[in-house]
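Read the structure below first, then the notes.
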Amino acid sequence: VAAPGRFTLGELAAALGATLEGDPARVVTGVAPLDRAGPADISFLTDARHRTAARASRAGAFLAPADVTDLPGPTLRVAAPPQALITLLRLFHPPVPVSPGVDPTAAIAPEARLDPTASVGPLAVVAARARVGARVRVGALVYVGPEAEIGEDSVLHPGVVVRERVRLGRRVIVHAGAVLGADGFGYASGAGGHEKIPHVGVVVVEDDVEVGANACIDRAGLAETRIGRGTKIDNLVQVAHDVAVGPGCLLVAQSGIAGSTTLGEGCVLAGQSGVGGHLEVGDGVRVGAKSAVLADVPAGRTVSGIPAMPHARWRRVVAALPRLPDLVRAVRPRGATDDGETP
Amino acid sequence: VAAPGRFTLGELAAALGATLEGDPARVVTGVAPLDRAGPADISFLTDARHRTAARASRAGAFLAPADVTDLPGPTLRVAAPPQALITLLRLFHPPVPVSPGVDPTAAIAPEARLDPTASVGPLAVVAARARVGARVRVGALVYVGPEAEIGEDSVLHPGVVVRERVRLGRRVIVHAGAVLGADGFGYASGAGGHEKIPHVGVVVVEDDVEVGANACIDRAGLAETRIGRGTKIDNLVQVAHDVAVGPGCLLVAQSGIAGSTTLGEGCVLAGQSGVGGHLEVGDGVRVGAKSAVLADVPAGRTVSGIPAMPHARWRRVVAALPRLPDLVRAVRPRGATDDGETP
Amino acid sequence: VAAPGRFTLGELAAALGATLEGDPARVVTGVAPLDRAGPADISFLTDARHRTAARASRAGAFLAPADVTDLPGPTLRVAAPPQALITLLRLFHPPVPVSPGVDPTAAIAPEARLDPTASVGPLAVVAARARVGARVRVGALVYVGPEAEIGEDSVLHPGVVVRERVRLGRRVIVHAGAVLGADGFGYASGAGGHEKIPHVGVVVVEDDVEVGANACIDRAGLAETRIGRGTKIDNLVQVAHDVAVGPGCLLVAQSGIAGSTTLGEGCVLAGQSGVGGHLEVGDGVRVGAKSAVLADVPAGRTVSGIPAMPHARWRRVVAALPRLPDLVRAVRPRGATDDGETP
């Protein structure tokens, strides 16, 4: 059982750099959400929206921003509650230590280069000339292909596939079932069918990237598919061949980027959105949920819709859409089917 | 080879509780669809829509509802043909018996607790303190993480990943490649980038749930992501952290639910639909294919569109959409770009 | 390290059937894109669009179509540049030879039938009565289920799952994490919940098909789910039970086809598109990105939208959509909410 921690509020205030309103000797033994916390738990508000829920909470103590007062228990006040929450969670749930070494059931090629501080789980495969850096954790049933490189302190969860020559930076986290380096979807189509274009490029994943479960990042045709430093990719996301994603982006679940497209720094693709191929998406662009970007987007824009348009315009369009049947009735335009096509 | 069964129509009538019109001594040796069945097969209509195909079928016998007459062969009549079809299929295709025991190539941690009637396939991994219940089938190359629990009679198909502390109920089926318990997609974003919020909660999957191939159900931040009893999840579905899906729901392929959203009992998400985060979707709500729910939905509603609106309204809107270009021509509104944004 | 080749332009001209403009003795040692190529590389234009980039390239030689002149280096002219590029890539990046034989860590059932020229990677599983043909490559951590058949020269990348009785033709490529033959999503729903319909059919994948990473192709209820010869399926695509996909189709990433639908020959589903269940889609139909086909589509059509309409009409509709708010303002139709439903 993951033994819960045991801290006094005074200890927590010191660890979080917080101002404590209440008894520093009071002990808490767990962190819990407002609606589930009991008297032995500390709970938290990351912003003032949860004020009402907090005042009804049975928590024994609270982590809160400066502008929330009158909480029903001792309160630790911090300037940046989300970051303080991370510290708090790490105190109560420290990462499970992993012993260095290779599980005897793993299949390690003789020419693989494993740092002695790395750990390799049961039934993992590390192929010839792969490099696995210091303190890397290769989970159970993971495949690391020939000449792949896994930078130090990275974590590959069970069932991940990293194909040949793919390079991961430091502190990269790859969740279960993700596939890095499958061939891009490229064919020369003609009378004889679709002839496969060899994909001999690589995938480069920079430092501090996280890749979600069952996500796919394809290798490039000749050069590289690149994921910029600190970018976070959610589950079931598709990144096609020769894509370049800038640093600090967020690609939310089930979004996709088609081949040879470039995203700038700090872009956000909301859930189930998509970006077409051979496009340029500037820094800081935000794409709404379920939207489809089918043209270049200048830096700083927020876009939504299929195809994507400026978000403010999209909001007006969708607000007007329910009036469309009334409009048709009111105007009765001629030329019901003006295009000679059957519906 | 899966030996086909051999039954007389009298035997089948008894097993299905059916009324037989025809010779009870007639033998059939297989079940086949109407267009593929031959004289040795029994075929079936689950409703009257397939009446015409049935009358043209070469099947040797039919399973049919009461209101379909004049079929070209002996007919077994039942009140509920879909349920009777399931019984029929189980007679002809009984589940392959699995021998209890652990394949010698599996990697079982010494502290794992396996029921002696469970079976564990080749090259599967069961980690420390995991519990595997009676008659569970752990497929080849499956990962069951530390302290995970797999309830009795559950089946994990090859390549499934169940991460630490995830709990599955009884008779749960998880298809190949599904990932249960990956970290939720949560960060505290600031000037220093996206700092990962530890996800220390769990996933709880209740009895009789089925999870499709390569689907993902993320673990909660602190508490639990829960899938209600009897809910069925199709392939490539995403269920984010802290989601609660009620009992008896159907989540069709490639649909997704964003973090902290609650679905009631008996909801249906059609294919490629999505539900945004922090929403409440009431009992019995049905979401149309490719739709996006971006606001709470009261119980009982059927909604469609992006964003989702009442389904009847959406039907009128999409019926009117092809008239929109004519409307613009007829009305010629001023203010072509009224929003100061370039297209 | 994948040793790059070393060829004279004369050798390349002969191998490609190209007309050389320049010195046949000049040596190139690699293939690179226009913007990355240096003097030792040959680069390429597959069509005239890249003319400007080519003229700025530092490449030592070019592969180009007949209508692009004035390139800044020796030029190999061919009639079909995309096909010639494939030949060129294969010269410089010949497939890594694979030694026949079974890795000692693989788990092969005694009754499996492996061709002696097949190779089976580390920790792969081949179950009883499975057949693996000549020169097949079964990657690491792959599962080949009971009675499955893998045709000659096929490649299963790491982590692929091929369930029982699924049949693959010759030269089939399946990328990492793909699942072939999971149960279809079919239930008889009633008062007692959703009762699972046994799926006892198969998946048949014809020759020269490619299946993307983490894609899913479900087995049929009774008969077969079939993927036609030469069809290419991208990552994270869903093909449901009893679907028939014709030959030569392209199913782009994250697209999906619901149960019992038929696609003709040479269809294209663009990224994130979907086709509903029990539909007929004719030969040569093209479905736009993010579109949803909810009705039969006659052969030869290009359709887009949700629901899909003729592509030309959809283009007019989306061009008119931004005018909709102005239209509402100009016309002010009565009956703001004409349907008695709250928004």
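Within each chain, counting starts at residue 1; across the structure tokens, chains are named A, B, ... in the order shown, with ligands numbered 1 upward in that order.
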Show me, as a ChimeraX atom specification, the residues of chain A whose atoms get within 6 Å of chain C, using only C-alpha atoms for the distance check. /A:188,197,317,320,326-327
Considering only alpha helix (DSSP H) as DSSP defines it on the backbone, what residues of stretch 82-159 of chain A qualify? List them as a list in words. Pro82, Gln83, Ala84, Leu85, Ile86, Thr87, Leu88, Leu89, Arg90, Leu91 and Phe92 of chain A
Selected residues written out with N, CA, C and O atoms, as a PDB file, in the first residue's frame:
```pdb
ATOM      1  N   PRO A  82      -1.613  26.421  -7.998  1.00  0.00           N
ATOM      2  CA  PRO A  82      -1.391  25.194  -8.792  1.00  0.00           C
ATOM      3  C   PRO A  82       0.009  24.620  -8.589  1.00  0.00           C
ATOM      4  O   PRO A  82       0.175  23.414  -8.439  1.00  0.00           O
ATOM      5  N   GLN A  83       1.021  25.521  -8.573  1.00  0.00           N
ATOM      6  CA  GLN A  83       2.387  25.025  -8.385  1.00  0.00           C
ATOM      7  C   GLN A  83       2.559  24.481  -6.964  1.00  0.00           C
ATOM      8  O   GLN A  83       3.219  23.449  -6.763  1.00  0.00           O
ATOM      9  N   ALA A  84       1.949  25.141  -5.982  1.00  0.00           N
ATOM     10  CA  ALA A  84       2.058  24.645  -4.605  1.00  0.00           C
ATOM     11  C   ALA A  84       1.381  23.283  -4.462  1.00  0.00           C
ATOM     12  O   ALA A  84       1.854  22.413  -3.718  1.00  0.00           O
ATOM     13  N   LEU A  85       0.284  23.095  -5.194  1.00  0.00           N
ATOM     14  CA  LEU A  85      -0.390  21.793  -5.149  1.00  0.00           C
ATOM     15  C   LEU A  85       0.527  20.690  -5.640  1.00  0.00           C
ATOM     16  O   LEU A  85       0.561  19.578  -5.091  1.00  0.00           O
ATOM     17  N   ILE A  86       1.284  20.984  -6.697  1.00  0.00           N
ATOM     18  CA  ILE A  86       2.227  19.976  -7.214  1.00  0.00           C
ATOM     19  C   ILE A  86       3.239  19.609  -6.130  1.00  0.00           C
ATOM     20  O   ILE A  86       3.514  18.431  -5.874  1.00  0.00           O
ATOM     21  N   THR A  87       3.759  20.618  -5.453  1.00  0.00           N
ATOM     22  CA  THR A  87       4.711  20.345  -4.365  1.00  0.00           C
ATOM     23  C   THR A  87       4.050  19.494  -3.272  1.00  0.00           C
ATOM     24  O   THR A  87       4.626  18.519  -2.764  1.00  0.00           O
ATOM     25  N   LEU A  88       2.830  19.863  -2.930  1.00  0.00           N
ATOM     26  CA  LEU A  88       2.093  19.140  -1.890  1.00  0.00           C
ATOM     27  C   LEU A  88       1.883  17.675  -2.289  1.00  0.00           C
ATOM     28  O   LEU A  88       2.098  16.752  -1.476  1.00  0.00           O
ATOM     29  N   LEU A  89       1.479  17.468  -3.540  1.00  0.00           N
ATOM     30  CA  LEU A  89       1.239  16.093  -4.010  1.00  0.00           C
ATOM     31  C   LEU A  89       2.531  15.280  -3.980  1.00  0.00           C
ATOM     32  O   LEU A  89       2.523  14.095  -3.660  1.00  0.00           O
ATOM     33  N   ARG A  90       3.638  15.939  -4.310  1.00  0.00           N
ATOM     34  CA  ARG A  90       4.905  15.202  -4.303  1.00  0.00           C
ATOM     35  C   ARG A  90       5.341  14.845  -2.880  1.00  0.00           C
ATOM     36  O   ARG A  90       5.989  13.841  -2.660  1.00  0.00           O
ATOM     37  N   LEU A  91       4.979  15.699  -1.925  1.00  0.00           N
ATOM     38  CA  LEU A  91       5.303  15.377  -0.531  1.00  0.00           C
ATOM     39  C   LEU A  91       4.519  14.146  -0.070  1.00  0.00           C
ATOM     40  O   LEU A  91       5.071  13.236   0.552  1.00  0.00           O
ATOM     41  N   PHE A  92       3.233  14.122  -0.383  1.00  0.00           N
ATOM     42  CA  PHE A  92       2.395  13.022   0.098  1.00  0.00           C
ATOM     43  C   PHE A  92       2.524  11.768  -0.780  1.00  0.00           C
ATOM     44  O   PHE A  92       2.260  10.665  -0.331  1.00  0.00           O
TER      45      PHE A  92
END
```
In stretch 41-199 of chain A, DSSP strand (DSSP E) residues written as a PyMOL selection string: chain A and resi 41-44+61-64+75-77+101-102+107-108+113-114+119-120+125-126+131-132+137-138+143-144+149-150+155-156+161-162+167-168+173-174+179-182+187-190+193-196
Contact residues around A:Asp35 with only C-alpha atoms at 9 Å, ignoring same-chain residues under 4 positions, as number ranges by chain: A: 53-54, 56-59
Could you save the residues just selected, with all heavy atoms, as a CSV table (one decimal), in the first residue's frame?
```
chain,number,residue,atom,x,y,z
A,53,ALA,N,-17.7,25.4,-2.7
A,53,ALA,CA,-17.4,24.0,-2.3
A,53,ALA,C,-16.4,23.9,-1.2
A,53,ALA,O,-16.6,23.0,-0.3
A,53,ALA,CB,-16.8,23.2,-3.6
A,54,ALA,N,-15.5,24.8,-1.1
A,54,ALA,CA,-14.5,24.8,0.0
A,54,ALA,C,-15.2,25.1,1.3
A,54,ALA,O,-14.9,24.4,2.3
A,54,ALA,CB,-13.4,25.8,-0.3
A,56,ALA,N,-18.0,24.3,2.2
A,56,ALA,CA,-18.8,23.2,2.6
A,56,ALA,C,-17.9,21.9,2.9
A,56,ALA,O,-18.4,20.9,3.3
A,56,ALA,CB,-19.8,22.8,1.5
A,57,SER,N,-16.6,22.1,2.7
A,57,SER,CA,-15.8,20.9,2.8
A,57,SER,C,-15.5,20.5,4.3
A,57,SER,O,-15.5,21.4,5.2
A,57,SER,CB,-14.4,21.2,2.1
A,57,SER,OG,-13.5,20.1,2.3
A,58,ARG,N,-15.3,19.2,4.5
A,58,ARG,CA,-15.0,18.7,5.8
A,58,ARG,C,-13.4,18.6,6.0
A,58,ARG,O,-13.0,18.0,7.0
A,58,ARG,CB,-15.6,17.3,6.1
A,58,ARG,CG,-17.1,17.4,6.1
A,58,ARG,CD,-17.8,16.0,6.2
A,58,ARG,NE,-17.2,15.3,7.3
A,58,ARG,CZ,-16.5,14.2,7.2
A,58,ARG,NH1,-16.1,13.7,6.1
A,58,ARG,NH2,-16.0,13.6,8.3
A,59,ALA,N,-12.7,19.2,5.1
A,59,ALA,CA,-11.2,19.0,5.1
A,59,ALA,C,-10.7,19.6,6.4
A,59,ALA,O,-11.2,20.6,7.0
A,59,ALA,CB,-10.6,19.7,4.0
```
Using only C-alpha atoms, which residues sit within 9 Å of stretch 66-70 of chain A once same-chain residues fewer than 6 positions away are excluded, as a CSV table (one decimal) with N, CA and C atoms, in the first residue's frame?
```
chain,number,residue,atom,x,y,z
A,45,LEU,N,-7.8,24.8,-3.1
A,45,LEU,CA,-8.5,25.5,-4.1
A,45,LEU,C,-7.4,26.1,-5.0
A,47,ASP,N,-8.2,28.1,-7.6
A,47,ASP,CA,-8.7,29.4,-7.8
A,47,ASP,C,-10.0,29.7,-7.0
A,48,ALA,N,-10.5,30.9,-7.1
A,48,ALA,CA,-11.6,31.3,-6.3
A,48,ALA,C,-12.9,30.7,-6.7
A,51,ARG,N,-14.8,28.3,-4.2
A,51,ARG,CA,-15.0,28.9,-2.9
A,51,ARG,C,-16.2,28.3,-2.2
A,55,ARG,N,-16.1,26.0,1.3
A,55,ARG,CA,-16.7,26.4,2.6
A,55,ARG,C,-17.6,25.2,3.1
A,77,ARG,N,-1.7,29.8,2.8
A,77,ARG,CA,-1.9,30.8,1.7
A,77,ARG,C,-0.6,30.8,0.9
A,78,VAL,N,-0.8,30.7,-0.5
A,78,VAL,CA,0.3,30.8,-1.4
A,78,VAL,C,0.0,31.7,-2.5
A,79,ALA,N,1.0,32.2,-3.2
A,79,ALA,CA,0.8,33.0,-4.3
A,79,ALA,C,0.4,32.3,-5.6
```
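Atom CA of A:Leu9 is found 7.2 Å from atom CA of A:Asp23.
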Do a neighbour search on A:Gly60 at 7 Å with only C-alpha atoms, toss out local chain neighbours closer than 3 positions, and write the hits as a ChimeraX atom specification. /A:38-42,73
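Note that the spacing between atom CA of B:Gln238 and atom CA of B:Pro307 amounts to 18.9 Å.
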